[in-house]
Every structure is written in structure tokens, then in C-alpha cells.
Amino acid sequence: MPRTDELRLIARVARMYYLEDMKQGDIAARLIISQATISRLLRRAREENVVRISVQTPSGTFPELEESLCRKFGMTEVVVAECSEDRESQILRRIGDAAALYLETTLQSGEIVGISSWSESLLRTVENIHPQRRLAAERVVQLHGGVGDPSVQTHATNLTRRLAELIGAQAQPLPTQGITSSKAARKVLTSDPFVRETMAYFSKITLALVGIGAVEPSKLLADSGNIFSPSELAELARLGAVGDVCLNFFDRNGKSVPSFLQERVVGIDLDQLRQAKRVVAVAGGQRKVAALLGAMRGKLIDVLVTDQFTAARLDAA
């Protein structure tokens with residue numbers, strides 16, 4: 001076939017497919033050409049620059065930054081939310097909005113969802129989730145102890161119960177504090193049948209929804225009482241800790257920081273967390289950058305929902 005005639009056929013097929021919205025099978029029937037040939041001609045249309053595909057990036061979205069972070073850290077997905085200001089209150093609001101939409105669009109029927117306590121970003125996320133009517137998750141499991149100061153206690157218990165209500169699941173709270181006074185105290189608490197029942201679900205989590213903490217705790221966590229003492233936190237920092245996920249402290253490469261303090265934590269551990277099919281972290285802000293880098297380098301999380309300022313700092317690291 002002369003080249004001009006071939007280009008005419010390529011252009012004809014491309015116009016039918018892209019401009020007339022015809023399916024490949026219908027084009028094949030109209031032109032009496034096999035569907036395999038139609039597919040080949042459409043591929044040739046791009047190779048010959050007969051068809052040039054461009055995607056206009058909508059204002060307020062950051063696909064290049066998201067793709068760069070995915071490539072650099074081997075992430076499944078990164079969601080970058082637009083923020084008008086590099087302030088923690090603004091960041092929390094926007095990443096909460098973005099994480100809620102991400103969950104609404106990706107949640108699967110029958111999921112066993114784990115959620116960490118005392119996370120301001122997760123509080124904002126749950127506040128923005130719309131009730132799900134088309135599907136139901138199986139269970140929402142609290143990933144570490146939430147019992148704390150009574151004045152802020154409702155944050156931890158309501159987070160688990162409210163998310164369960166929104167996604168049609170059964171709530172599975174962990175009725176104990178996150179940090180005990182001693183290894184012996186932890187042993188006593190984890191012998192409770194209700195605590196054991198919840199902890200048995202840790203290995204069954206399909207979607208873990210977590211915050212990422214810096215060594216210096218957030219105000220919400222500090223107010224709860226579920227933190228180590230200043231001297232203990234200083235010791236963790238001396239050992240190389242840069243952050244935590246569900247009170248499991250890790251270093252700049254995402255490796256667990258060995259410490260006797262971990263023997264007092266009641267909750268999911270890093271090995272159990274890694275068994276989850278999908279670990280989604282919702283976090284942002286300048287003080288979380290080192291912790292996020294450690295979590296991403298160590299493959300502790302699969303998906304990150306963050307803000308544009310934090311994402312740029314992570315990409316530049």
C-alpha cells in the first residue's frame with residue numbers, strides 16, 4: 001500500500017475512534033477490517049503523529065509531583081492536596097478532605113479496616129466521609145490503645161465507631177491505654193479477652209488507615225496521656241528515631257528502633273502492619289517531613305495523602 005494511502009486509512013480510523021467515539025469493533029465492521037488491524041492502525045496513528053494526545057492539568061492538582069514521589073519511593077499512590085497556606089491547621093483540613101474522597105472511591109466491600117487513635121489528620125478525614133450506601137466494610141479495628149485522659153477520651157473511641165457507622169461496618173475498639181506503665185502491666189492488660197479479641201484482627205487487616213507521628217507528639221496525643229516521658233522520647237531520638245506509626249518508632253530508613261519502651265505499647269506492631277494489603281497514611285506539615293521520609297524509605301506505607309508543601313519537601317529530599 002502506498003504510504004499516502006496508508007496514512008489516509010490511519011487518519012480515517014483515528015477520526016472514527018477519537019472524534020466519532022466509535023468502538024474498535026464497530027470500526028472494524030464498518031470498514032471490513034479485522035479488529036486487530038484497527039488496534040494496530042490506532043497505535044500507528046500515535047507513532048506517525050496523526051494523533052497527539054495531551055492532558056490538561058487542572059488548576060490545583062499536582063500529577064507530576066504525585067508521579068515523582070511514586071517513582072522515587074515505590075509508592076502505590078500519592079495524593080497531593082492543594083493548600084493555600086503552609087500552616088498546620090490549613091493542611092489538616094485539606095488533607096482530611098482529600099483522604100476522605102480517596103477512601104470513598106477506593107474502599108472495597110468486605111474490607112477489614114484498621115485505624116490508629118489520637119490522629120488529628122484522621123479525625124479530619126472521618127469528619128469528611130459521606131455515609132456509604134452502595135457497599136459495606138466488614139469491620140473497623142482500633143490499631144492501638146485509645147484509653148486516655150477522660151477530657152479527650154471521646155476522640156479515640158468516636159473515631160473507630162464513627163468510621164464504622166459511615167462505612168456500614170462493625171466497630172472493634174481496643175479497650176486499653178496505648179502505653180502501659182511496665183511490661184508486666186501490658187501482659188495483664190493484653191490477657192483481657194476483649195483486648196485479645198481485637199488484637200486477633202491485626203493480622204486480618206486489609207486496609208490500615210494511619211497517621212505518621214514525629215518524635216515530638218502532637219497536642220492531641222500529648223493531651224491523651226498516651227506518650228512516653230520527655231526523657232524517654234529523648235532516648236528514642238538518641239537511638240535514631242525520627243517518627244512513629246501506631247506508636248512503633250522507626251529511624252530515617254524506616255527500620256524499627258530497638259528499645260525496651262516498645263514492650264509497654266499495646267497495639268499493632270510493624271510486622272503485623274506490613275501484612276495489611278494497603279497502608280494509607282494521612283499526614284503533612286514541616287514537622288512531619290523526617291518521619292514521612294523514614295516511613296516511605298522503609299516501605300511502611302503504600303499510599304500517602306499529604307499537602308503540596310510537604311510533598312515538595314519530600315520530593316526535594
# chains A, B, ... in the order shown; residues from 1 in each chain; ligands from 1
>>> closest_atom_pairs(of="region 128-193 of chain A", to="region 248-253 of chain A", cutoff="12 Å", atoms="only C-alpha atoms", output="Markdown table")
| residue | atom | partner | partner_atom | distance |
| --- | --- | --- | --- | --- |
| A:Leu143 | CA | A:Asn248 | CA | 11.3 |
| A:His144 | CA | A:Asn248 | CA | 10.1 |
| A:Gly178 | CA | A:Asn248 | CA | 10.9 |
| A:Ile179 | CA | A:Asn248 | CA | 11.1 |
>>> write_last_selection(atoms="N, CA and C atoms", output="PDB file, in the first residue's frame")
ATOM      1  N   LEU A 143      -6.296   0.205  66.079  1.00  0.00           N
ATOM      2  CA  LEU A 143      -4.977  -0.400  65.927  1.00  0.00           C
ATOM      3  C   LEU A 143      -4.055  -0.243  67.133  1.00  0.00           C
ATOM      4  N   HIS A 144      -4.344   0.689  68.012  1.00  0.00           N
ATOM      5  CA  HIS A 144      -3.589   0.748  69.271  1.00  0.00           C
ATOM      6  C   HIS A 144      -4.466   1.357  70.351  1.00  0.00           C
ATOM      7  N   GLY A 178      -2.736   3.065  75.306  1.00  0.00           N
ATOM      8  CA  GLY A 178      -1.744   2.749  74.284  1.00  0.00           C
ATOM      9  C   GLY A 178      -0.379   2.423  74.858  1.00  0.00           C
ATOM     10  N   ILE A 179      -0.040   3.037  75.972  1.00  0.00           N
ATOM     11  CA  ILE A 179       1.246   2.793  76.618  1.00  0.00           C
ATOM     12  C   ILE A 179       0.998   2.456  78.083  1.00  0.00           C
TER      13      ILE A 179
END
>>> atom_distance(atom1="CA of Ile268 (chain A)", atom2="CA of Glu111 (chain A)")
17.5 Å
>>> select_by_dssp(residues="region 258-310 of chain A", states="strand (DSSP E)", output="list in words")
Arg278, Val279, Val280, Ala281, Val282, Val303, Leu304, Val305, Thr306 and Asp307 of chain A
>>> select_by_dssp(residues="region 21-177 of chain A", states="alpha helix (DSSP H)", output="PyMOL selection string")
chain A and resi 24-31+35-47+63-73+88-106+120-128+153-166
>>> residues_around(residues="region 51-66 of chain A", least_positions_apart="3", cutoff="12 Å", atoms="only C-alpha atoms", output="PyMOL selection string")
chain A and resi 7+10-15+17-19+41-48+69-84+94+98+303-316
>>> write_last_selection(atoms="C-alpha atoms", output="PDB file, in the first residue's frame")
ATOM      1  CA  LEU A   7      -1.810   7.422   6.124  1.00  0.00           C
ATOM      2  CA  ILE A  10      -4.796   5.588   9.573  1.00  0.00           C
ATOM      3  CA  ALA A  11      -6.382   9.049   9.706  1.00  0.00           C
ATOM      4  CA  ARG A  12      -9.812   7.631   8.820  1.00  0.00           C
ATOM      5  CA  VAL A  13      -9.665   5.081  11.625  1.00  0.00           C
ATOM      6  CA  ALA A  14      -8.347   7.679  14.089  1.00  0.00           C
ATOM      7  CA  ARG A  15     -11.169  10.124  13.288  1.00  0.00           C
ATOM      8  CA  TYR A  17     -12.319   6.348  17.062  1.00  0.00           C
ATOM      9  CA  TYR A  18     -11.366   9.677  18.645  1.00  0.00           C
ATOM     10  CA  LEU A  19     -13.821  12.151  17.086  1.00  0.00           C
ATOM     11  CA  LEU A  41      -3.657   1.388  12.957  1.00  0.00           C
ATOM     12  CA  LEU A  42      -4.566   3.351  16.101  1.00  0.00           C
ATOM     13  CA  ARG A  43      -1.105   2.608  17.501  1.00  0.00           C
ATOM     14  CA  ARG A  44       0.416   3.769  14.199  1.00  0.00           C
ATOM     15  CA  ALA A  45      -1.666   6.975  14.432  1.00  0.00           C
ATOM     16  CA  ARG A  46       0.252   7.932  17.549  1.00  0.00           C
ATOM     17  CA  GLU A  47       3.608   6.827  16.114  1.00  0.00           C
ATOM     18  CA  GLU A  48       3.052   8.894  12.945  1.00  0.00           C
ATOM     19  CA  LEU A  69       7.039  10.596  44.629  1.00  0.00           C
ATOM     20  CA  CYS A  70       5.562   7.285  43.496  1.00  0.00           C
ATOM     21  CA  ARG A  71       8.632   6.575  41.354  1.00  0.00           C
ATOM     22  CA  LYS A  72      11.157   7.774  43.925  1.00  0.00           C
ATOM     23  CA  PHE A  73       9.767   5.797  46.867  1.00  0.00           C
ATOM     24  CA  GLY A  74       7.959   2.922  45.157  1.00  0.00           C
ATOM     25  CA  MET A  75       4.560   4.064  46.416  1.00  0.00           C
ATOM     26  CA  THR A  76       1.299   2.658  45.076  1.00  0.00           C
ATOM     27  CA  GLU A  77      -0.353   6.082  45.162  1.00  0.00           C
ATOM     28  CA  VAL A  78       0.326   9.604  46.400  1.00  0.00           C
ATOM     29  CA  VAL A  79      -2.497  12.115  46.734  1.00  0.00           C
ATOM     30  CA  VAL A  80      -1.379  15.740  46.970  1.00  0.00           C
ATOM     31  CA  ALA A  81      -3.958  18.231  48.220  1.00  0.00           C
ATOM     32  CA  GLU A  82      -3.856  21.913  47.321  1.00  0.00           C
ATOM     33  CA  CYS A  83      -3.271  24.224  50.287  1.00  0.00           C
ATOM     34  CA  SER A  84      -3.439  27.999  50.259  1.00  0.00           C
ATOM     35  CA  ARG A  94      -7.237  19.929  53.214  1.00  0.00           C
ATOM     36  CA  ALA A  98      -8.561  14.586  50.176  1.00  0.00           C
ATOM     37  CA  VAL A 303      -0.373   5.287  49.940  1.00  0.00           C
ATOM     38  CA  LEU A 304       0.274   8.823  51.194  1.00  0.00           C
ATOM     39  CA  VAL A 305      -2.238  11.650  51.376  1.00  0.00           C
ATOM     40  CA  THR A 306      -0.421  14.929  52.029  1.00  0.00           C
ATOM     41  CA  ASP A 307      -0.321  18.607  51.063  1.00  0.00           C
ATOM     42  CA  GLN A 308       1.562  20.360  48.269  1.00  0.00           C
ATOM     43  CA  PHE A 309       4.167  21.960  50.558  1.00  0.00           C
ATOM     44  CA  THR A 310       5.058  18.710  52.323  1.00  0.00           C
ATOM     45  CA  ALA A 311       5.079  16.819  49.018  1.00  0.00           C
ATOM     46  CA  ALA A 312       7.558  19.309  47.535  1.00  0.00           C
ATOM     47  CA  ARG A 313       9.863  18.907  50.542  1.00  0.00           C
ATOM     48  CA  LEU A 314       9.681  15.112  50.267  1.00  0.00           C
ATOM     49  CA  ASP A 315      10.415  15.237  46.544  1.00  0.00           C
ATOM     50  CA  ALA A 316      13.435  17.511  47.104  1.00  0.00           C
TER      51      ALA A 316
END
>>> atom_distance(atom1="CA of Leu103 (chain A)", atom2="CA of Arg278 (chain A)")
11.5 Å
>>> atom_distance(atom1="CA of Met199 (chain A)", atom2="CA of Val140 (chain A)")
12.2 Å
>>> closest_residue(among="A:Gly25, A:Gly240, A:Gly213, A:Pro173", to="Gln286 (chain A)", atoms="only C-alpha atoms")
A:Gly213
>>> closest_residue(among="A:Gly254, A:Gly243, A:Pro175, A:Gly168", to="Ile301 (chain A)", atoms="only C-alpha atoms")
A:Gly254
